[in-house]
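Structure below is final-v7.tsv: TSV, C-alpha atoms.
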```
chain	number	residue	atom	x	y	z
A	1	MET	CA	91.30	89.62	121.14
A	2	THR	CA	92.38	92.51	118.94
A	3	LYS	CA	94.19	91.74	115.71
A	4	PRO	CA	97.45	93.59	115.04
A	5	VAL	CA	97.94	96.55	112.74
A	6	LEU	CA	100.07	95.67	109.72
A	7	ILE	CA	102.71	98.29	108.91
A	8	LEU	CA	104.07	97.92	105.38
A	9	GLN	CA	107.24	99.90	104.68
A	10	LEU	CA	108.91	100.63	101.34
A	11	ARG	CA	112.02	102.59	102.39
A	12	PRO	CA	115.29	100.85	101.35
A	13	GLU	CA	117.42	102.54	104.00
A	14	ASP	CA	117.46	101.21	107.58
A	15	GLU	CA	117.79	104.71	109.03
A	16	THR	CA	114.75	106.20	107.32
A	17	SER	CA	112.69	103.03	107.67
A	18	ASP	CA	113.37	102.72	111.40
A	19	SER	CA	112.73	106.44	111.98
A	20	GLU	CA	109.40	106.27	110.14
A	21	PHE	CA	108.42	103.11	112.00
A	22	GLN	CA	109.13	104.62	115.40
A	23	ALA	CA	107.14	107.74	114.49
A	24	ILE	CA	104.14	105.63	113.44
A	25	LEU	CA	104.29	103.83	116.77
A	26	LYS	CA	104.66	107.10	118.70
A	27	TYR	CA	101.89	109.11	117.09
A	28	GLY	CA	99.61	106.14	116.51
A	29	GLU	CA	100.09	105.30	120.18
A	30	LEU	CA	101.00	101.75	119.29
A	31	ASP	CA	103.49	99.35	120.83
A	32	ASN	CA	105.29	96.38	119.35
A	33	LYS	CA	102.68	93.98	120.73
A	34	GLN	CA	99.98	95.67	118.65
A	35	ILE	CA	101.67	95.57	115.26
A	36	GLN	CA	103.34	93.46	112.64
A	37	ARG	CA	106.00	95.24	110.62
A	38	ILE	CA	106.97	94.06	107.13
A	39	ARG	CA	109.63	95.80	105.06
A	40	ILE	CA	108.79	95.02	101.45
A	41	GLU	CA	111.58	96.94	99.69
A	42	LYS	CA	113.52	93.74	98.91
A	43	THR	CA	110.98	91.01	98.17
A	44	GLY	CA	107.64	92.79	97.76
A	45	ILE	CA	104.42	91.98	99.60
A	46	PRO	CA	104.33	88.39	100.91
A	47	THR	CA	102.15	86.14	98.78
A	48	ASP	CA	100.61	84.54	101.85
A	49	LEU	CA	99.38	87.82	103.37
A	50	VAL	CA	95.80	87.42	104.62
A	51	LEU	CA	93.74	90.50	105.46
A	52	GLU	CA	91.74	88.64	108.09
A	53	ASP	CA	94.89	88.40	110.22
A	54	TYR	CA	94.91	92.19	110.76
A	55	SER	CA	92.71	94.98	112.04
A	56	ALA	CA	94.11	97.61	109.66
A	57	ILE	CA	97.02	98.41	107.33
A	58	ILE	CA	99.30	101.46	107.41
A	59	VAL	CA	101.66	102.22	104.50
A	60	GLY	CA	104.35	104.88	104.69
A	61	GLY	CA	106.54	106.73	102.21
A	62	SER	CA	109.48	105.83	100.00
A	63	PRO	CA	111.87	107.34	97.45
A	64	TYR	CA	110.07	105.43	94.65
A	65	ASP	CA	108.01	107.57	92.26
A	66	ILE	CA	104.98	106.23	90.42
A	67	SER	CA	105.54	108.79	87.65
A	68	THR	CA	109.05	107.52	86.83
A	69	PRO	CA	109.05	106.08	83.28
A	70	GLN	CA	108.53	102.34	83.44
A	71	GLN	CA	111.84	101.55	81.74
A	72	LYS	CA	113.70	103.49	84.44
A	73	LYS	CA	112.09	101.74	87.40
A	74	SER	CA	113.96	99.03	89.25
A	75	VAL	CA	112.73	95.45	89.22
A	76	ILE	CA	111.69	95.68	92.87
A	77	GLN	CA	109.78	98.94	92.35
A	78	ILE	CA	107.80	97.38	89.51
A	79	LYS	CA	107.06	94.33	91.69
A	80	ILE	CA	105.96	96.49	94.63
A	81	GLU	CA	103.58	98.46	92.43
A	82	GLN	CA	102.13	95.28	90.96
A	83	ASP	CA	101.77	93.76	94.42
A	84	PHE	CA	99.85	96.80	95.66
A	85	MET	CA	97.50	96.75	92.69
A	86	GLN	CA	96.56	93.18	93.65
A	87	LEU	CA	96.29	94.03	97.34
A	88	PHE	CA	94.02	96.99	96.60
A	89	ASP	CA	91.63	94.66	94.81
A	90	GLU	CA	90.97	93.12	98.23
A	91	ILE	CA	91.22	96.28	100.31
A	92	VAL	CA	88.83	98.33	98.19
A	93	GLY	CA	86.55	95.39	97.52
A	94	ARG	CA	86.13	94.74	101.24
A	95	ASP	CA	86.43	98.36	102.39
A	96	PHE	CA	89.24	97.14	104.64
A	97	PRO	CA	90.74	99.76	106.99
A	98	PHE	CA	93.78	101.25	105.26
A	99	PHE	CA	95.90	104.36	105.72
A	100	GLY	CA	98.47	105.33	103.10
A	101	ALA	CA	100.78	108.34	103.46
A	102	CYS	CA	102.73	109.88	100.57
A	103	SER	CA	103.78	106.77	98.58
A	104	GLY	CA	100.76	104.96	99.99
A	105	ASN	CA	98.66	107.84	98.70
A	106	ALA	CA	100.15	107.70	95.19
A	107	LEU	CA	99.78	103.93	94.96
A	108	LEU	CA	96.12	104.07	95.96
A	109	GLY	CA	95.51	107.01	93.64
A	110	LYS	CA	97.03	105.12	90.73
A	111	TYR	CA	94.92	102.07	91.50
A	112	LEU	CA	91.79	104.22	91.41
A	113	GLY	CA	92.69	105.68	88.02
A	114	ALA	CA	94.13	109.05	88.99
A	115	SER	CA	97.02	110.50	87.01
A	116	VAL	CA	100.12	110.81	89.20
A	117	SER	CA	102.71	113.34	87.99
A	118	THR	CA	105.17	116.01	89.11
A	119	ARG	CA	102.67	118.79	88.40
A	120	TYR	CA	101.90	119.40	92.08
A	121	ARG	CA	105.25	118.60	93.65
A	122	GLU	CA	106.02	120.44	96.90
A	123	PRO	CA	109.34	121.13	98.62
A	124	VAL	CA	110.10	119.83	102.08
A	125	SER	CA	108.18	122.20	104.32
A	126	CYS	CA	105.53	122.79	106.95
A	127	VAL	CA	102.38	124.04	105.20
A	128	ALA	CA	98.78	124.87	106.06
A	129	LEU	CA	95.99	122.76	104.54
A	130	ASP	CA	92.23	123.34	104.51
A	131	LEU	CA	89.53	120.86	105.48
A	132	THR	CA	86.72	120.44	102.99
A	133	GLU	CA	83.09	120.39	104.13
A	134	GLU	CA	83.17	116.60	103.86
A	135	GLY	CA	86.40	116.55	105.84
A	136	LYS	CA	84.87	118.48	108.71
A	137	HIS	CA	82.42	115.63	109.22
A	138	ASP	CA	84.84	112.74	108.78
A	139	PRO	CA	85.53	110.70	111.95
A	140	LEU	CA	89.29	111.27	111.66
A	141	LEU	CA	88.93	115.06	111.36
A	142	THR	CA	85.79	116.10	113.19
A	143	GLY	CA	86.38	118.93	115.65
A	144	PHE	CA	89.56	120.08	113.91
A	145	PRO	CA	90.15	123.73	112.96
A	146	ASN	CA	89.33	124.60	109.35
A	147	ARG	CA	93.07	124.82	108.62
A	148	ILE	CA	95.88	122.70	110.08
A	149	SER	CA	99.66	122.51	109.68
A	150	VAL	CA	101.39	119.45	108.24
A	151	LEU	CA	104.87	118.35	107.22
A	152	LEU	CA	105.39	117.21	103.65
A	153	GLY	CA	107.82	116.97	100.78
A	154	HIS	CA	107.09	115.12	97.56
A	155	LYS	CA	108.09	115.02	93.91
A	156	GLU	CA	104.71	113.83	92.66
A	157	ALA	CA	101.04	113.78	93.60
A	158	CYS	CA	97.61	112.89	92.27
A	159	ASP	CA	96.66	115.39	89.58
A	160	THR	CA	92.96	114.93	90.30
A	161	LEU	CA	90.80	113.34	92.96
A	162	PRO	CA	90.76	109.57	92.31
A	163	ASN	CA	87.59	107.97	91.00
A	164	GLY	CA	85.07	107.28	93.74
A	165	ALA	CA	87.04	109.17	96.40
A	166	THR	CA	85.89	111.92	98.77
A	167	LEU	CA	88.23	114.89	99.17
A	168	LEU	CA	88.86	115.64	102.85
A	169	MET	CA	91.74	118.15	102.76
A	170	ARG	CA	93.17	120.43	100.09
A	171	GLY	CA	96.22	122.67	99.73
A	172	SER	CA	96.95	125.79	97.71
A	173	ALA	CA	99.98	124.25	95.96
A	174	CYS	CA	98.69	120.67	95.79
A	175	PRO	CA	94.90	120.26	95.65
A	176	VAL	CA	94.55	116.59	96.65
A	177	GLN	CA	96.01	116.29	100.14
A	178	MET	CA	93.72	113.79	101.85
A	179	PHE	CA	90.93	111.59	100.56
A	180	ARG	CA	88.75	108.72	101.67
A	181	VAL	CA	87.48	105.79	99.63
A	182	ARG	CA	84.23	104.17	100.73
A	183	ARG	CA	84.13	104.40	104.54
A	184	ASN	CA	87.41	103.00	105.84
A	185	ILE	CA	90.18	103.65	103.30
A	186	TYR	CA	92.28	106.80	103.75
A	187	ALA	CA	95.25	108.42	102.07
A	188	THR	CA	97.27	111.59	102.69
A	189	GLN	CA	99.85	113.33	100.53
A	190	PHE	CA	101.43	114.70	103.70
A	191	HIS	CA	103.03	112.73	106.53
A	192	PRO	CA	100.83	112.48	109.63
A	193	GLU	CA	103.72	110.80	111.44
A	194	GLY	CA	106.05	113.64	110.46
A	195	ASP	CA	107.99	115.60	113.05
A	196	PRO	CA	111.21	117.67	112.90
A	197	GLU	CA	113.36	114.79	114.11
A	198	GLY	CA	112.10	112.34	111.51
A	199	PHE	CA	112.20	114.88	108.69
A	200	THR	CA	115.79	115.76	109.59
A	201	VAL	CA	116.70	112.10	109.10
A	202	ARG	CA	114.98	112.07	105.71
A	203	ILE	CA	116.58	115.33	104.57
A	204	ASN	CA	120.05	113.99	105.39
A	205	VAL	CA	119.45	110.64	103.68
A	206	TYR	CA	117.57	111.89	100.61
A	207	ASN	CA	119.65	114.97	99.85
A	208	HIS	CA	120.59	113.55	96.42
A	209	HIS	CA	117.17	112.15	95.47
A	210	GLY	CA	115.77	115.23	93.74
A	211	TYR	CA	113.52	116.54	96.51
A	212	PHE	CA	115.72	119.62	96.87
A	213	LYS	CA	119.20	120.86	95.98
A	214	PRO	CA	121.82	119.26	98.26
A	215	GLU	CA	123.12	122.65	99.31
A	216	GLU	CA	119.65	123.50	100.66
A	217	ALA	CA	119.64	120.68	103.22
A	218	GLU	CA	120.83	122.65	106.25
A	219	ASP	CA	118.42	125.49	105.53
A	220	LEU	CA	115.52	123.05	105.23
A	221	ILE	CA	116.43	121.41	108.52
A	222	GLU	CA	116.42	124.81	110.18
A	223	ARG	CA	113.06	125.75	108.63
A	224	ILE	CA	111.27	122.66	109.93
A	225	SER	CA	113.13	122.44	113.24
A	226	HIS	CA	110.32	124.09	115.19
A	227	ALA	CA	107.38	122.76	113.18
A	228	GLU	CA	104.38	121.74	115.25
A	229	THR	CA	101.77	119.53	113.57
A	230	PRO	CA	99.62	118.13	116.39
A	231	TYR	CA	96.45	117.80	114.31
A	232	ALA	CA	98.23	115.86	111.58
A	233	GLN	CA	99.55	113.46	114.20
A	234	GLU	CA	96.08	113.25	115.76
A	235	ILE	CA	94.80	111.86	112.45
A	236	LEU	CA	97.08	108.84	112.81
A	237	LYS	CA	96.09	108.39	116.44
A	238	ARG	CA	92.39	108.49	115.55
A	239	PHE	CA	92.82	105.99	112.73
A	240	VAL	CA	94.48	103.51	115.07
A	241	SER	CA	91.96	104.15	117.84
A	242	ARG	CA	89.05	103.65	115.45
A	243	TYR	CA	90.22	100.46	113.79
A	244	ALA	CA	92.62	98.89	116.28
A	245	PRO	CA	91.53	99.77	119.81
A	246	ALA	CA	94.05	98.94	122.52
A	247	GLY	CA	93.83	95.43	123.87
A	248	GLU	CA	95.54	92.08	123.85
A	249	CYS	CA	96.53	91.27	120.30
A	250	SER	CA	96.35	87.98	118.46
A	251	GLY	CA	97.64	86.97	115.07
A	252	LEU	CA	101.24	88.20	115.40
A	253	LYS	CA	103.64	86.25	113.28
```

Take the structure I supplied and represent it as C-alpha cells, if you would.
Amino acid sequence: MTKPVLILQLRPEDETSDSEFQAILKYGELDNKQIQRIRIEKTGIPTDLVLEDYSAIIVGGSPYDISTPQQKKSVIQIKIEQDFMQLFDEIVGRDFPFFGACSGNALLGKYLGASVSTRYREPVSCVALDLTEEGKHDPLLTGFPNRISVLLGHKEACDTLPNGATLLMRGSACPVQMFRVRRNIYATQFHPEGDPEGFTVRINVYNHHGYFKPEEAEDLIERISHAETPYAQEILKRFVSRYAPAGECSGLK
C-alpha cells in the first residue's frame, strides 16, 4: 500500500492556500485519497509528525520572508522556521523525498547555509530558465528542452548555491532557480504548480505585500494571463510519480 504525500502549507489566507493546494493536486496528478494536507501557518509543524508515515513531502510558498530582520518577524514565522530546521535534520539525514517551492526553497537553502536576501528578487512574471548539464540528466528534467518557461515572483532568493547542493536550473536575473540535495531532495525558486488562474489569485491577495506596486496588479494579471508553463508543471508530476506512484494509500490521518 502506498503511503500518502504530505503537503505542508504556510499561506495564512484561505483563498491563496486553497488555490495553491488545488494546483498541487492538479499538476501533481494527485487526489485527496493520496495526500495529507496540513496548514502550519497557525500552530507550526505538528510535534508528532513521523516521516515514515509518508512517501514524500511537498512544501509551497508563503508571504513570509527569511531575510526579514528577526525582530520584525511574527511569533508564528519564527516558530515555522525553527520547526523546519528540525525537520530538515531528518529529511537531509535520511535523504527523504522532499520538494520545496519558493518559501520551501528559501527554508531549505537557509538550512544548508546559503545566504538568503533580496539581491535576486524577481517581479511576478513568466520567465525562461536554463537547464544546467547536471539538470539535463536529472530524473525530473531529463528530455526537457535546454530552456523552459516558468511562473515566479519573489522578494528574496538564495544568493549562492547551498552547501552540498547540485544546481539544476539557472536564470539570468536569479542564478539559483532549482537545486537538488543528495538524490531525493529538490527545491525550486519558481512555482511548478503555477498557472495564470492561481497567480491571479495571488496577485489580488498580495497586492500590498511588497511584491509589486498595487497599481501594477491589473497589468501583471494581463501579462501572465496567457502564460504556458507545461514543463514546469511536468516537474511536479514527475516528482509525485517517482516517489508516490498511484495506488491505494495507507497512513492517512

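For the choices A:Ile35, A:Ala165, A:Ala173, A:Val75, the atom-to-atom distance to A:Tyr120 is smallest for A:Ala173 when using only C-alpha atoms.
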
Exercise. Which residue out of A:Val176, A:Ala114, A:Ile7, A:Leu49 has the minimum interatomic distance to A:Gln86 when all atoms listed in the file are used?
Worked result: A:Leu49

Problem set entry | Spatial neighbours of A:Ser241, max dist 10 Å, only C-alpha atoms, sep filter under 6 positions, as JSON, numbers by chain | {"A": [28, 29, 30, 140, 235]}

Generate a file of the selected residues that holds C-alpha atoms, formatted as a compact mmCIF listing (two decimals), in the coordinates of the input.
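Output file out_21.txt follows:
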```
# COMPACT_ATOMS: atom_id res chain seq x y z
CA GLY A 28 99.61 106.14 116.51
CA GLU A 29 100.09 105.30 120.18
CA LEU A 30 101.00 101.75 119.29
CA LEU A 140 89.29 111.27 111.66
CA ILE A 235 94.80 111.86 112.45
```

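Coordinates place atom CA of A:Gln70 at a distance of 22.3 Å from atom CA of A:Gly100.
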
For this session: Quick one: residues within 10 Å of (96.7, 129.5, 105.5) (file frame), counting only C-alpha atoms, please, as a PyMOL selection string.
Result: chain A and resi 127-130+146-149+171-172

Problem set entry | Nearest-residue call for A:Asp138, choices A:Val50, A:Ala101, A:Leu161, A:Leu167, using only C-alpha atoms |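 For A:Asp138, the nearest of the candidates is A:Leu167.
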
Problem set entry | Selection: 8 Å around A:Ser115, only C-alpha atoms, excl. self and same-chain fewer than 3 positions, as a list in words | Gly109, Lys110, Cys158, Asp159 and Thr160 of chain A

Step by step, gather every atom of stretch 82-101 of chain A that the file lists, find the box along x, y and z that holds them, add 3 Å on each side, and finally give centre and edge lengths in Å to one decimal, as lines of an AutoDock Vina configuration file.
```
center_x = 94.1
center_y = 100.7
center_z = 99.0
size_x = 22.0
size_y = 21.2
size_z = 22.0
```

Exercise. Which of these residues is nearest to A:Ser17, using all atoms listed in the file: A:Glu133, A:Arg37, A:Pro175, A:Asp195?
Worked result: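 Comparing A:Glu133, A:Arg37, A:Pro175, A:Asp195 against A:Ser17, the winner is A:Arg37.
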
Problem set entry | Coordinates-based distance that separates atom CA of A:Val59 from atom CA of A:Phe96 (Å, one decimal) |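 About the pair atom CA of A:Phe96 and atom CA of A:Val59: they are 13.4 Å apart.
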
Closest pair table for stretch 30-146 of chain A residues within 12 Å of stretch 205-212 of chain A, all atoms listed in the file, as a tab-separated table:
```
residue	atom	partner	partner_atom	distance
A:Ser62	CA	A:Tyr206	CA	10.1
A:Pro63	CA	A:His209	CA	7.4
A:Tyr64	CA	A:His209	CA	9.8
A:Asp65	CA	A:His209	CA	10.7
A:Thr118	CA	A:Tyr211	CA	11.2
A:Arg121	CA	A:Tyr211	CA	9.0
A:Glu122	CA	A:Tyr211	CA	8.5
A:Pro123	CA	A:Tyr211	CA	6.6
A:Val124	CA	A:Tyr211	CA	7.3
A:Ser125	CA	A:Phe212	CA	10.9
```

Problem set entry | Distance query A:Gln9 at most 6 Å, only C-alpha atoms, self and fewer than 2 positions along chain excluded, as a list in words |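 The filter keeps Arg11, Arg39 and Gly60 of chain A.
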
For this session: Enter the distance from atom CA of A:Val181 to atom CA of A:His137, in Å, rounded to one decimal.
Result: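 Atom-to-atom, atom CA of A:Val181 and atom CA of A:His137 are spaced 14.6 Å apart.
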
Seminar exercise, completed: For A:Gln36, the closest of A:Arg242, A:Leu8, A:Glu52, A:Thr2 counting only C-alpha atoms is A:Leu8

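When the distance limit is 12 Å and only C-alpha atoms are what count, the residues near A:Lys237, minus those fewer than 5 positions from it on the same chain, are Ala23, Ile24, Leu25, Lys26, Tyr27, Gly28, Glu29, Leu30, Ile58, Phe99, Pro139, Leu140, Leu141, Pro192, Glu193, Pro230, Tyr231, Ala232, Arg242, Tyr243, Ala244, Pro245 and Ala246 of chain A.
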